[in-house]
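S.K.: Got a file for you: query_2.cif, mmCIF, C-alpha atoms and all ligand atoms.
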```
data_my_file
#
loop_
_atom_site.group_PDB
_atom_site.id
_atom_site.type_symbol
_atom_site.label_atom_id
_atom_site.label_comp_id
_atom_site.auth_asym_id
_atom_site.auth_seq_id
_atom_site.Cartn_x
_atom_site.Cartn_y
_atom_site.Cartn_z
ATOM 1 C CA MET R 163 160.834 109.644 79.873
ATOM 2 C CA ASN R 164 159.994 113.238 79.019
ATOM 3 C CA ASP R 165 159.904 116.581 80.811
ATOM 4 C CA ASN R 166 156.640 115.593 82.459
ATOM 5 C CA THR R 167 158.471 113.174 84.725
ATOM 6 C CA PRO R 168 158.131 114.127 88.400
ATOM 7 C CA ARG R 169 161.417 114.388 90.285
ATOM 8 C CA ARG R 170 160.499 112.140 93.183
ATOM 9 C CA VAL R 171 158.021 109.355 92.692
ATOM 10 C CA GLU R 172 156.587 106.224 94.201
ATOM 11 C CA HIS R 173 158.744 103.087 94.180
ATOM 12 C CA GLN R 174 157.581 99.607 93.334
ATOM 13 C CA GLN R 175 159.205 96.276 94.137
ATOM 14 C CA THR R 176 160.127 94.237 91.056
ATOM 15 C CA ASP R 177 162.541 91.395 90.409
ATOM 16 C CA LYS R 178 165.182 94.097 89.865
ATOM 17 C CA GLY R 179 164.551 95.486 93.380
ATOM 18 C CA TYR R 180 162.781 98.788 94.146
ATOM 19 C CA VAL R 181 162.399 100.866 91.025
ATOM 20 C CA PRO R 182 160.748 104.251 90.671
ATOM 21 C CA VAL R 183 157.341 104.292 88.980
ATOM 22 C CA TYR R 184 157.170 107.313 86.736
ATOM 23 C CA THR R 185 153.527 108.172 86.477
ATOM 24 C CA THR R 186 151.466 111.271 85.906
ATOM 25 C CA GLY R 187 148.276 109.420 86.836
ATOM 26 C CA ILE R 188 146.611 110.622 83.620
ATOM 27 C CA VAL R 189 143.810 108.478 82.177
ATOM 28 C CA GLU R 190 141.089 109.030 79.538
ATOM 29 C CA GLN R 191 137.778 110.628 80.486
ATOM 30 C CA GLN R 192 135.840 108.090 78.320
ATOM 31 C CA TRP R 193 132.860 110.430 78.130
ATOM 32 C CA ASP R 194 130.733 108.003 76.069
ATOM 33 C CA ASN R 195 130.682 105.568 78.967
ATOM 34 C CA TYR R 196 128.826 107.840 81.406
ATOM 35 C CA THR R 197 125.371 106.432 82.195
ATOM 36 C CA ALA R 198 122.076 108.327 82.234
ATOM 37 C CA THR R 199 122.173 108.097 86.035
ATOM 38 C CA GLU R 200 125.610 109.740 86.123
ATOM 39 C CA HIS R 201 124.503 112.598 83.830
ATOM 40 C CA SER R 202 121.453 113.030 86.012
ATOM 41 C CA THR R 203 123.578 113.190 89.196
ATOM 42 C CA TRP R 204 125.574 115.991 87.561
ATOM 43 C CA ALA R 205 122.341 117.784 86.590
ATOM 44 C CA THR R 206 120.875 117.573 90.094
ATOM 45 C CA LEU R 207 124.055 118.775 91.805
ATOM 46 C CA PHE R 208 124.774 121.485 89.237
ATOM 47 C CA LYS R 209 121.267 123.008 89.368
ATOM 48 C CA ARG R 210 121.178 122.948 93.144
ATOM 49 C CA GLN R 211 124.564 124.656 93.576
ATOM 50 C CA TRP R 212 124.115 127.113 90.704
ATOM 51 C CA GLU R 213 120.964 128.457 92.279
ATOM 52 C CA LEU R 214 122.428 128.581 95.775
ATOM 53 C CA LEU R 215 125.661 130.219 94.641
ATOM 54 C CA GLN R 216 124.180 133.183 92.744
ATOM 55 C CA ASP R 217 124.514 135.495 95.750
ATOM 56 C CA ARG R 218 127.157 133.469 97.615
ATOM 57 C CA ALA R 219 130.006 132.726 95.199
ATOM 58 C CA CYS R 220 132.486 135.408 94.152
ATOM 59 C CA PRO R 221 131.673 137.037 90.784
ATOM 60 C CA GLU R 222 134.834 135.580 89.168
ATOM 61 C CA PHE R 223 133.520 132.060 89.836
ATOM 62 C CA LEU R 224 130.059 132.756 88.387
ATOM 63 C CA GLU R 225 131.627 134.320 85.312
ATOM 64 C CA GLY R 226 133.969 131.340 84.902
ATOM 65 C CA VAL R 227 131.088 128.839 84.898
ATOM 66 C CA GLN R 228 129.328 130.832 82.185
ATOM 67 C CA THR R 229 132.357 131.365 79.970
ATOM 68 C CA LEU R 230 133.212 127.675 80.225
ATOM 69 C CA GLY R 231 129.669 126.896 79.106
ATOM 70 C CA MET R 232 128.980 124.413 81.917
ATOM 71 C CA THR R 233 125.296 123.450 81.958
ATOM 72 C CA PRO R 234 123.178 120.905 83.820
ATOM 73 C CA ASP R 235 122.277 118.962 80.613
ATOM 74 C CA LYS R 236 125.342 116.733 80.448
ATOM 75 C CA ILE R 237 128.588 116.051 82.272
ATOM 76 C CA PRO R 238 131.022 118.385 80.510
ATOM 77 C CA ARG R 239 133.658 116.933 78.206
ATOM 78 C CA PHE R 240 137.121 117.908 79.414
ATOM 79 C CA ALA R 241 138.191 118.436 75.806
ATOM 80 C CA ASP R 242 135.487 121.110 75.371
ATOM 81 C CA LEU R 243 136.398 122.901 78.602
ATOM 82 C CA ASN R 244 140.042 122.796 77.570
ATOM 83 C CA LYS R 245 139.359 124.996 74.527
ATOM 84 C CA GLN R 246 138.059 127.776 76.767
ATOM 85 C CA LEU R 247 140.764 127.286 79.390
ATOM 86 C CA ARG R 248 143.505 127.382 76.786
ATOM 87 C CA GLU R 249 142.296 130.706 75.457
ATOM 88 C CA ALA R 250 141.704 132.295 78.851
ATOM 89 C CA THR R 251 144.698 131.202 80.949
ATOM 90 C CA ASP R 252 146.444 128.329 79.146
ATOM 91 C CA TRP R 253 145.445 125.786 81.815
ATOM 92 C CA LYS R 254 144.492 122.240 80.840
ATOM 93 C CA LEU R 255 142.364 119.597 82.558
ATOM 94 C CA VAL R 256 143.638 116.027 82.715
ATOM 95 C CA ALA R 257 141.478 113.087 83.818
ATOM 96 C CA VAL R 258 142.674 111.058 86.834
ATOM 97 C CA GLU R 259 141.336 108.210 88.987
ATOM 98 C CA GLY R 260 141.396 110.295 92.186
ATOM 99 C CA LEU R 261 143.901 111.573 94.733
ATOM 100 C CA LEU R 262 147.454 111.613 93.413
ATOM 101 C CA PRO R 263 150.722 111.371 95.343
ATOM 102 C CA GLU R 264 151.554 114.876 96.525
ATOM 103 C CA LEU R 265 154.550 115.455 94.292
ATOM 104 C CA VAL R 266 152.728 114.241 91.186
ATOM 105 C CA PHE R 267 149.878 116.629 92.023
ATOM 106 C CA PHE R 268 152.272 119.574 92.555
ATOM 107 C CA ASP R 269 154.043 118.758 89.314
ATOM 108 C CA HIS R 270 150.746 118.979 87.378
ATOM 109 C CA LEU R 271 149.886 122.350 88.927
ATOM 110 C CA ALA R 272 153.374 123.684 88.278
ATOM 111 C CA LYS R 273 152.788 122.870 84.578
ATOM 112 C CA ARG R 274 149.302 124.403 84.547
ATOM 113 C CA ARG R 275 147.519 121.034 84.372
ATOM 114 C CA PHE R 276 144.623 120.445 86.731
ATOM 115 C CA PRO R 277 143.844 116.804 87.571
ATOM 116 C CA VAL R 278 140.092 116.141 87.523
ATOM 117 C CA THR R 279 138.629 112.906 88.887
ATOM 118 C CA TRP R 280 136.743 111.360 85.949
ATOM 119 C CA TRP R 281 134.043 109.540 87.979
ATOM 120 C CA ILE R 282 131.009 111.077 89.690
ATOM 121 C CA ARG R 283 129.511 110.166 93.088
ATOM 122 C CA ARG R 284 126.569 107.781 93.475
ATOM 123 C CA PRO R 285 123.008 109.149 93.862
ATOM 124 C CA ASP R 286 123.047 108.310 97.595
ATOM 125 C CA GLN R 287 126.138 110.552 98.078
ATOM 126 C CA LEU R 288 124.716 113.878 96.843
ATOM 127 C CA ASP R 289 125.272 115.719 100.129
ATOM 128 C CA TYR R 290 128.627 114.328 101.212
ATOM 129 C CA ILE R 291 131.501 112.285 99.863
ATOM 130 C CA ALA R 292 134.888 111.994 101.567
ATOM 131 C CA GLU R 293 137.057 111.922 98.421
ATOM 132 C CA PRO R 294 137.102 114.370 95.541
ATOM 133 C CA ASP R 295 134.876 113.306 92.609
ATOM 134 C CA LEU R 296 134.101 114.890 89.236
ATOM 135 C CA PHE R 297 131.521 117.264 90.665
ATOM 136 C CA HIS R 298 133.878 118.656 93.318
ATOM 137 C CA ASP R 299 136.813 118.902 90.919
ATOM 138 C CA LEU R 300 134.893 120.385 87.972
ATOM 139 C CA LEU R 301 132.425 122.737 89.587
ATOM 140 C CA GLY R 302 134.579 123.472 92.636
ATOM 141 C CA HIS R 303 138.014 124.035 91.096
ATOM 142 C CA VAL R 304 137.799 124.636 87.369
ATOM 143 C CA PRO R 305 135.766 127.877 86.963
ATOM 144 C CA LEU R 306 138.340 129.972 88.853
ATOM 145 C CA LEU R 307 141.129 128.639 86.630
ATOM 146 C CA MET R 308 139.554 130.994 84.033
ATOM 147 C CA ASN R 309 140.672 133.939 86.186
ATOM 148 C CA PRO R 310 144.249 134.937 85.240
ATOM 149 C CA VAL R 311 145.361 135.914 88.757
ATOM 150 C CA PHE R 312 143.915 132.842 90.460
ATOM 151 C CA ALA R 313 145.320 130.674 87.644
ATOM 152 C CA ASP R 314 148.807 132.042 88.366
ATOM 153 C CA TYR R 315 148.360 131.468 92.102
ATOM 154 C CA MET R 316 147.598 127.788 91.459
ATOM 155 C CA GLN R 317 150.697 127.361 89.321
ATOM 156 C CA HIS R 318 152.887 129.065 91.928
ATOM 157 C CA TYR R 319 151.377 126.895 94.619
ATOM 158 C CA GLY R 320 152.447 123.831 92.625
ATOM 159 C CA LEU R 321 155.963 125.231 92.169
ATOM 160 C CA GLY R 322 156.073 125.876 95.932
ATOM 161 C CA GLY R 323 155.024 122.280 96.541
ATOM 162 C CA VAL R 324 157.806 120.888 94.396
ATOM 163 C CA LYS R 325 160.275 123.043 96.387
ATOM 164 C CA ALA R 326 158.745 122.182 99.790
ATOM 165 C CA SER R 327 159.122 118.474 99.121
ATOM 166 C CA GLY R 328 162.878 119.061 99.237
ATOM 167 C CA VAL R 329 162.608 120.817 102.619
ATOM 168 C CA GLY R 330 160.831 118.120 104.602
ATOM 169 C CA ASP R 331 157.559 116.696 105.837
ATOM 170 C CA GLN R 332 156.806 119.613 108.167
ATOM 171 C CA ALA R 333 157.045 122.083 105.285
ATOM 172 C CA LEU R 334 154.677 119.913 103.233
ATOM 173 C CA ILE R 335 152.136 119.873 106.066
ATOM 174 C CA GLN R 336 152.360 123.659 106.395
ATOM 175 C CA LEU R 337 151.946 124.117 102.663
ATOM 176 C CA SER R 338 148.965 121.775 102.521
ATOM 177 C CA ARG R 339 147.271 123.980 105.151
ATOM 178 C CA LEU R 340 147.649 126.911 102.769
ATOM 179 C CA TYR R 341 145.878 124.906 100.060
ATOM 180 C CA TRP R 342 143.149 123.890 102.462
ATOM 181 C CA TYR R 343 142.394 127.356 103.838
ATOM 182 C CA THR R 344 142.548 129.071 100.424
ATOM 183 C CA VAL R 345 141.863 126.854 97.387
ATOM 184 C CA GLU R 346 139.518 124.478 99.253
ATOM 185 C CA PHE R 347 137.839 126.637 101.928
ATOM 186 C CA GLY R 348 138.658 130.275 101.178
ATOM 187 C CA LEU R 349 136.320 133.251 101.512
ATOM 188 C CA ILE R 350 136.823 136.597 99.749
ATOM 189 C CA ARG R 351 135.530 140.111 100.302
ATOM 190 C CA SER R 352 133.639 141.539 97.343
ATOM 191 C CA LYS R 353 131.797 144.802 96.769
ATOM 192 C CA ALA R 354 128.582 142.990 97.620
ATOM 193 C CA GLY R 355 129.951 141.474 100.835
ATOM 194 C CA LEU R 356 131.570 138.195 101.890
ATOM 195 C CA ARG R 357 131.695 135.602 99.107
ATOM 196 C CA ILE R 358 132.938 132.028 98.600
ATOM 197 C CA TYR R 359 135.871 131.035 96.369
ATOM 198 C CA GLY R 360 136.990 127.754 98.013
ATOM 199 C CA SER R 361 136.097 124.629 96.024
ATOM 200 C CA GLY R 362 135.217 122.511 99.066
ATOM 201 C CA ILE R 363 132.523 125.050 99.919
ATOM 202 C CA LEU R 364 131.381 125.716 96.331
ATOM 203 C CA SER R 365 130.689 122.008 95.787
ATOM 204 C CA SER R 366 128.813 121.523 99.107
ATOM 205 C CA LYS R 367 125.223 122.582 99.678
ATOM 206 C CA GLY R 368 125.519 122.550 103.459
ATOM 207 C CA GLU R 369 128.818 124.425 103.695
ATOM 208 C CA SER R 370 127.784 127.039 101.070
ATOM 209 C CA ILE R 371 125.186 128.155 103.588
ATOM 210 C CA TYR R 372 127.123 127.529 106.819
ATOM 211 C CA SER R 373 130.378 129.241 105.761
ATOM 212 C CA LEU R 374 128.634 132.585 105.196
ATOM 213 C CA ASP R 375 125.580 132.469 107.466
ATOM 214 C CA SER R 376 126.512 130.513 110.585
ATOM 215 C CA ALA R 377 127.649 132.257 113.776
ATOM 216 C CA ALA R 378 129.611 129.135 114.816
ATOM 217 C CA PRO R 379 132.925 129.464 112.867
ATOM 218 C CA ASN R 380 135.699 132.040 113.242
ATOM 219 C CA ARG R 381 136.385 134.277 110.281
ATOM 220 C CA PHE R 382 139.913 135.711 110.155
ATOM 221 C CA GLY R 383 141.665 138.035 107.746
ATOM 222 C CA PHE R 384 144.200 136.184 105.561
ATOM 223 C CA ASP R 385 147.508 135.575 107.371
ATOM 224 C CA LEU R 386 150.008 133.198 105.729
ATOM 225 C CA GLU R 387 151.933 132.170 108.855
ATOM 226 C CA ARG R 388 148.777 131.787 110.931
ATOM 227 C CA ILE R 389 147.317 129.501 108.252
ATOM 228 C CA MET R 390 150.490 127.413 108.068
ATOM 229 C CA ARG R 391 150.235 126.762 111.821
ATOM 230 C CA THR R 392 146.508 125.980 111.895
ATOM 231 C CA ARG R 393 145.124 122.435 111.852
ATOM 232 C CA TYR R 394 141.896 121.792 109.973
ATOM 233 C CA ARG R 395 138.790 119.634 109.795
ATOM 234 C CA ILE R 396 138.387 117.020 107.099
ATOM 235 C CA ASP R 397 135.012 115.514 107.964
ATOM 236 C CA THR R 398 133.006 118.392 109.472
ATOM 237 C CA PHE R 399 132.380 121.983 108.417
ATOM 238 C CA GLN R 400 135.425 124.174 109.132
ATOM 239 C CA LYS R 401 135.801 125.820 112.537
ATOM 240 C CA SER R 402 137.727 128.728 111.006
ATOM 241 C CA TYR R 403 137.726 130.451 107.619
ATOM 242 C CA PHE R 404 140.344 132.885 106.305
ATOM 243 C CA VAL R 405 139.139 135.814 104.215
ATOM 244 C CA ILE R 406 141.205 137.354 101.404
ATOM 245 C CA ASP R 407 140.669 140.879 100.072
ATOM 246 C CA SER R 408 141.504 139.959 96.474
ATOM 247 C CA PHE R 409 143.127 137.286 94.325
ATOM 248 C CA GLU R 410 146.070 139.665 93.919
ATOM 249 C CA GLN R 411 146.646 139.456 97.679
ATOM 250 C CA LEU R 412 146.581 135.666 97.419
ATOM 251 C CA PHE R 413 148.985 135.596 94.481
ATOM 252 C CA GLU R 414 151.411 137.977 96.172
ATOM 253 C CA SER R 415 151.517 135.713 99.223
ATOM 254 C CA THR R 416 153.109 132.940 97.130
ATOM 255 C CA VAL R 417 155.768 135.119 95.507
ATOM 256 C CA PRO R 418 158.256 135.138 98.452
ATOM 257 C CA ASP R 419 160.489 132.139 99.108
ATOM 258 C CA PHE R 420 158.713 130.095 101.809
ATOM 259 C CA ARG R 421 161.939 128.602 103.227
ATOM 260 C CA PRO R 422 162.523 131.337 105.852
ATOM 261 C CA ILE R 423 158.853 131.015 106.845
ATOM 262 C CA TYR R 424 159.111 127.226 107.265
ATOM 263 C CA ALA R 425 162.289 127.722 109.325
ATOM 264 C CA GLY R 426 160.709 130.463 111.445
ATOM 265 C CA ILE R 427 157.652 128.450 112.455
ATOM 266 C CA LYS R 428 159.383 125.064 112.701
ATOM 267 C CA ASP R 429 159.532 125.028 116.501
ATOM 268 C CA GLN R 430 156.421 127.104 117.159
ATOM 269 C CA PRO R 431 153.214 125.462 118.381
ATOM 270 C CA GLU R 432 150.443 124.680 115.926
ATOM 271 C CA PHE R 433 146.893 125.873 116.611
ATOM 272 C CA PRO R 434 143.720 123.798 116.985
ATOM 273 C CA ALA R 435 141.272 124.444 114.128
ATOM 274 C CA GLY R 436 138.857 126.491 116.215
ATOM 275 C CA ASP R 437 141.134 128.546 118.489
ATOM 276 C CA VAL R 438 141.432 132.330 118.519
ATOM 277 C CA GLN R 439 144.910 133.660 119.432
ATOM 278 C CA ASP R 440 146.093 137.046 120.696
ATOM 279 C CA GLY R 441 147.017 139.131 117.691
ATOM 280 C CA ASP R 442 144.641 137.353 115.306
ATOM 281 C CA ASN R 443 142.987 139.471 112.665
ATOM 282 C CA VAL R 444 139.465 138.575 113.780
ATOM 283 C CA ILE R 445 136.626 139.525 111.446
ATOM 284 C CA GLN R 446 134.111 137.493 113.377
ATOM 285 C CA ARG R 447 134.716 135.399 116.471
ATOM 286 C CA GLY R 448 132.819 132.105 116.262
ATOM 287 C CA SER R 449 130.302 131.005 118.861
ATOM 288 C CA GLY R 450 131.649 127.468 118.553
ATOM 289 C CA GLU R 451 128.117 126.116 118.618
ATOM 290 C CA GLY R 452 127.872 122.465 117.615
ATOM 291 C CA TRP R 453 131.608 121.808 117.592
ATOM 292 C CA THR R 454 133.199 118.589 118.718
ATOM 293 C CA SER R 455 136.573 119.041 120.421
ATOM 294 C CA GLU R 456 138.259 116.001 118.865
ATOM 295 C CA GLY R 457 138.986 115.428 115.218
ATOM 296 C CA ASP R 458 141.388 118.110 113.955
ATOM 297 C CA PHE R 459 143.577 116.835 111.151
HETATM 298 N N1 LIG R 501 145.391 114.798 94.063
HETATM 299 N N2 LIG R 501 143.876 114.585 92.354
HETATM 300 C C1 LIG R 501 144.299 115.232 93.440
HETATM 301 N N3 LIG R 501 143.607 116.317 93.894
HETATM 302 C C2 LIG R 501 144.000 116.995 95.009
HETATM 303 O O1 LIG R 501 143.365 117.990 95.400
HETATM 304 C C3 LIG R 501 145.148 116.563 95.690
HETATM 305 C C4 LIG R 501 145.834 115.440 95.177
HETATM 306 N N4 LIG R 501 146.930 114.996 95.800
HETATM 307 C C5 LIG R 501 147.461 115.647 96.959
HETATM 308 C C6 LIG R 501 146.659 116.788 97.443
HETATM 309 N N5 LIG R 501 145.598 117.188 96.821
HETATM 310 C C7 LIG R 501 147.057 117.449 98.745
HETATM 311 O O2 LIG R 501 148.310 117.025 99.141
HETATM 312 C C8 LIG R 501 147.020 118.972 98.788
HETATM 313 O O3 LIG R 501 147.298 119.343 100.120
HETATM 314 C C9 LIG R 501 147.986 119.658 97.934
HETATM 315 FE FE FE R 502 139.588 119.932 96.003
#
```
Could you render the structure as structure tokens?
M.R.:
Amino acid sequence: MNDNTPRRVEHQQTDKGYVPVYTTGIVEQQWDNYTATEHSTWATLFKRQWELLQDRACPEFLEGVQTLGMTPDKIPRFADLNKQLREATDWKLVAVEGLLPELVFFDHLAKRRFPVTWWIRRPDQLDYIAEPDLFHDLLGHVPLLMNPVFADYMQHYGLGGVKASGVGDQALIQLSRLYWYTVEFGLIRSKAGLRIYGSGILSSKGESIYSLDSAAPNRFGFDLERIMRTRYRIDTFQKSYFVIDSFEQLFESTVPDFRPIYAGIKDQPEFPAGDVQDGDNVIQRGSGEGWTSEGDF
């Protein structure tokens, strides 16, 4: 056991009873085993998003892709990306099979390791896949880890997760909403207008267009407590987006101790994904067109 051991882990039944399984979930990327089809899936998805994102993604993302040297030719080798990441922000990618137990995931982030799913989606899943794959993890999450302020936010988020797991399940749900509405589906104001920084949008053709252009969703100014009380969609485009002014604003939101916030909102009602409340910082009120009422997570 070393200092990479998470504090609370899964248990497994053995002939000695239930024993903790200490696992980081880390595997090898095994780059040589990718098939021509898999490289070609990367190429298709990368070209399509790169073109679409030129005037939609925030400048920090576009710069990150270029400095990392990601190209459509081949699925990137994590070891190559790690050289650039190490120099820029001292983050490191580790290959994993997929979703990790929450605390294991938080523990990686807290140590500036980002878990990247090693496998890529099948050719019939180009437009939608329910779980994170290599394309979502690499193109969606990794370029912004080259930005020092965003990189620090991600580490602090992980540290907050480790702490929240000692507070209780409600705190973990509230914290996961922060991840969802920032890291996965966040929008940011830039000099050139509204831009995307959330990985779930950056890796989706449909939502890259919808999140900025559609009149259907609400767009609110960033509000930590509001986010922590807001449910979200996992299998449709979002009904609400939260817009930050800068990555500094995002980082500063994770500096305070969240415990008084968890305590303060513990007995307050949560909000449906698409609702607008009195006192909301509304940038654009959604038309709600095309929404289904059921299905908030
Ligand atoms: N594991 N590999 C991986 N990637 C994630 O984004 C991830 C995870 N485990 C848990 C998790 N996300 C969620 O709990 C977030 O809300 C933090
Ligand atoms: Fe993600």
S.K.: Neighbouring residues of ligand LIG 501 (chain R) are defined here as those with any atom at most 6 Å from a ligand atom, counting only C-alpha atoms and all ligand atoms; list them as a PyMOL selection string.
M.R.: chain R and resi 260-264+267+277+338+341
S.K.: Distance limit 12 Å, reference ligand FE 502 (chain R), atoms considered: all atoms listed in the file. Which residues make the cut? Give them as an MDAnalysis selection string.
M.R.: chainID R and resid 260:262 267 276:279 291:304 338 341:348 359:366 396
S.K.: Using atom CA of Gln400 of chain R and atom CA of Ala205 of chain R as the two end points, give the distance in Å to one decimal.
M.R.: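 Computing it gives 26.8 Å between the two atoms.
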S.K.: I need every residue sitting at most 8 Å from the point (134.8, 129.4, 111.3) (coordinates as in the file, all atoms listed in the file considered), written as a VMD selection string.
M.R.: chain R and resid 373 378 to 381 400 to 403 436 447 to 448
S.K.: Which distance in Å separates atom CA of Asn309 of chain R and atom CA of Gly226 of chain R, to one decimal?
M.R.: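 Distance reported for this atom pair: 7.3 Å.
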S.K.: Would you kindly return, as a short mmCIF file (atom, residue, chain, number, x, y, z; two decimals) with C-alpha atoms, in the frame of the given file, each protein, DNA or RNA residue with an atom no farther than 10 Å from any atom of Leu386 of chain R, considering all atoms listed in the file and excluding same-chain residues fewer than 4 positions away?
M.R.:
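Resulting contents of around_37.cif:
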```cif
data_model
loop_
_atom_site.label_atom_id
_atom_site.label_comp_id
_atom_site.auth_asym_id
_atom_site.auth_seq_id
_atom_site.Cartn_x
_atom_site.Cartn_y
_atom_site.Cartn_z
CA GLN R 336 152.36 123.66 106.40
CA LEU R 337 151.95 124.12 102.66
CA ARG R 339 147.27 123.98 105.15
CA LEU R 340 147.65 126.91 102.77
CA TYR R 343 142.39 127.36 103.84
CA MET R 390 150.49 127.41 108.07
CA ARG R 391 150.24 126.76 111.82
CA PHE R 404 140.34 132.88 106.30
CA LEU R 412 146.58 135.67 97.42
CA SER R 415 151.52 135.71 99.22
CA THR R 416 153.11 132.94 97.13
CA ILE R 423 158.85 131.01 106.84
#
```
S.K.: R:Glu387, R:Asp440, R:Glu432, R:Glu414: which is nearest Met316 of chain R, counting only C-alpha atoms?
M.R.: R:Glu414
S.K.: Within 6 Å of Pro305 of chain R, counting all atoms listed in the file, which residues show up once you throw out same-chain ones fewer than 3 positions away? Write them as a count of residues only, please.
M.R.: 4
S.K.: Contacts of Asp314 of chain R at 12 Å or less, counting all atoms listed in the file, minus same-chain residues fewer than 5 places along, as a PDB file with C-alpha atoms, in the coordinates of the input?
M.R.:
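What landed in part10.pdb:
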```pdb
ATOM      1  CA  ALA R 250     141.704 132.295  78.851  1.00  0.00           C
ATOM      2  CA  THR R 251     144.698 131.202  80.949  1.00  0.00           C
ATOM      3  CA  ASP R 252     146.444 128.329  79.146  1.00  0.00           C
ATOM      4  CA  TRP R 253     145.445 125.786  81.815  1.00  0.00           C
ATOM      5  CA  LEU R 271     149.886 122.350  88.927  1.00  0.00           C
ATOM      6  CA  ALA R 272     153.374 123.684  88.278  1.00  0.00           C
ATOM      7  CA  LYS R 273     152.788 122.870  84.578  1.00  0.00           C
ATOM      8  CA  ARG R 274     149.302 124.403  84.547  1.00  0.00           C
ATOM      9  CA  ARG R 275     147.519 121.034  84.372  1.00  0.00           C
ATOM     10  CA  LEU R 306     138.340 129.972  88.853  1.00  0.00           C
ATOM     11  CA  LEU R 307     141.129 128.639  86.630  1.00  0.00           C
ATOM     12  CA  MET R 308     139.554 130.994  84.033  1.00  0.00           C
ATOM     13  CA  ASN R 309     140.672 133.939  86.186  1.00  0.00           C
ATOM     14  CA  TYR R 319     151.377 126.895  94.619  1.00  0.00           C
ATOM     15  CA  GLY R 320     152.447 123.831  92.625  1.00  0.00           C
ATOM     16  CA  LEU R 321     155.963 125.231  92.169  1.00  0.00           C
ATOM     17  CA  PHE R 409     143.127 137.286  94.325  1.00  0.00           C
ATOM     18  CA  GLU R 410     146.070 139.665  93.919  1.00  0.00           C
ATOM     19  CA  LEU R 412     146.581 135.666  97.419  1.00  0.00           C
ATOM     20  CA  PHE R 413     148.985 135.596  94.481  1.00  0.00           C
ATOM     21  CA  GLU R 414     151.411 137.977  96.172  1.00  0.00           C
ATOM     22  CA  SER R 415     151.517 135.713  99.223  1.00  0.00           C
ATOM     23  CA  THR R 416     153.109 132.940  97.130  1.00  0.00           C
ATOM     24  CA  VAL R 417     155.768 135.119  95.507  1.00  0.00           C
TER      25      VAL R 417
END
```
S.K.: Once you add 4 Å to each side, what are the centre and edge lengths of the axis-aligned box holding all listed atoms of segment 240-246 of chain R? One decimal in Å, as lines of an AutoDock Vina configuration file, if you can.
M.R.:
```
center_x = 137.8
center_y = 122.8
center_z = 77.0
size_x = 12.6
size_y = 17.9
size_z = 12.9
```
S.K.: Considering all atoms listed in the file, can you say which of R:Arg351, R:Lys367, R:His201, R:Lys254 comes closest to Gln317 of chain R?
M.R.: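 Result for the nearest residue to Gln317 of chain R: R:Lys254.
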S.K.: Compute the distance from (146.7, 111.7, 87.6) to each atom, counting only C-alpha atoms, keep the residues with any atom at most 7 Å away, and return them as an MDAnalysis selection string; use the coordinates of the file.
M.R.: chainID R and resid 186:189 257:259 262 277
S.K.: What's the separation between atom CA of Ala198 of chain R and atom CA of Arg283 of chain R, in Å to one decimal place?
M.R.: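 It comes out at 13.3 Å.
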S.K.: Just checking: using all atoms listed in the file, which residue out of R:Leu349, R:Leu215, R:Leu288, R:Ile358 ends up closest to Ile445 of chain R?
M.R.: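 For Ile445 of chain R, the nearest of the candidates is R:Leu349.
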S.K.: Using only C-alpha atoms, pick whichever of R:Arg388, R:Val405, R:Gln411, R:Val311 has the shortest atom-to-atom distance to Asp437 of chain R.
M.R.: R:Arg388
S.K.: Kindly indicate which residue among R:Ala313, R:Ala219, R:Leu334, R:Leu207 lies nearest to Ser370 of chain R, using only C-alpha atoms for the distances.
M.R.: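 Smallest separation from Ser370 of chain R among the options: R:Ala219.
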S.K.: For Gly457 of chain R, list every protein, DNA or RNA residue within 10 Å, evaluated using only C-alpha atoms, and leave out those in the same chain fewer than 6 positions away; present the list as JSON, numbers by chain.
M.R.: {"R": [393, 394, 395, 396, 397, 398, 434, 435]}
S.K.: Between R:Ser352, R:Thr392, R:Ser455, R:Ser408, which has the minimum distance to Asp217 of chain R (counting all atoms listed in the file)?
M.R.: R:Ser352
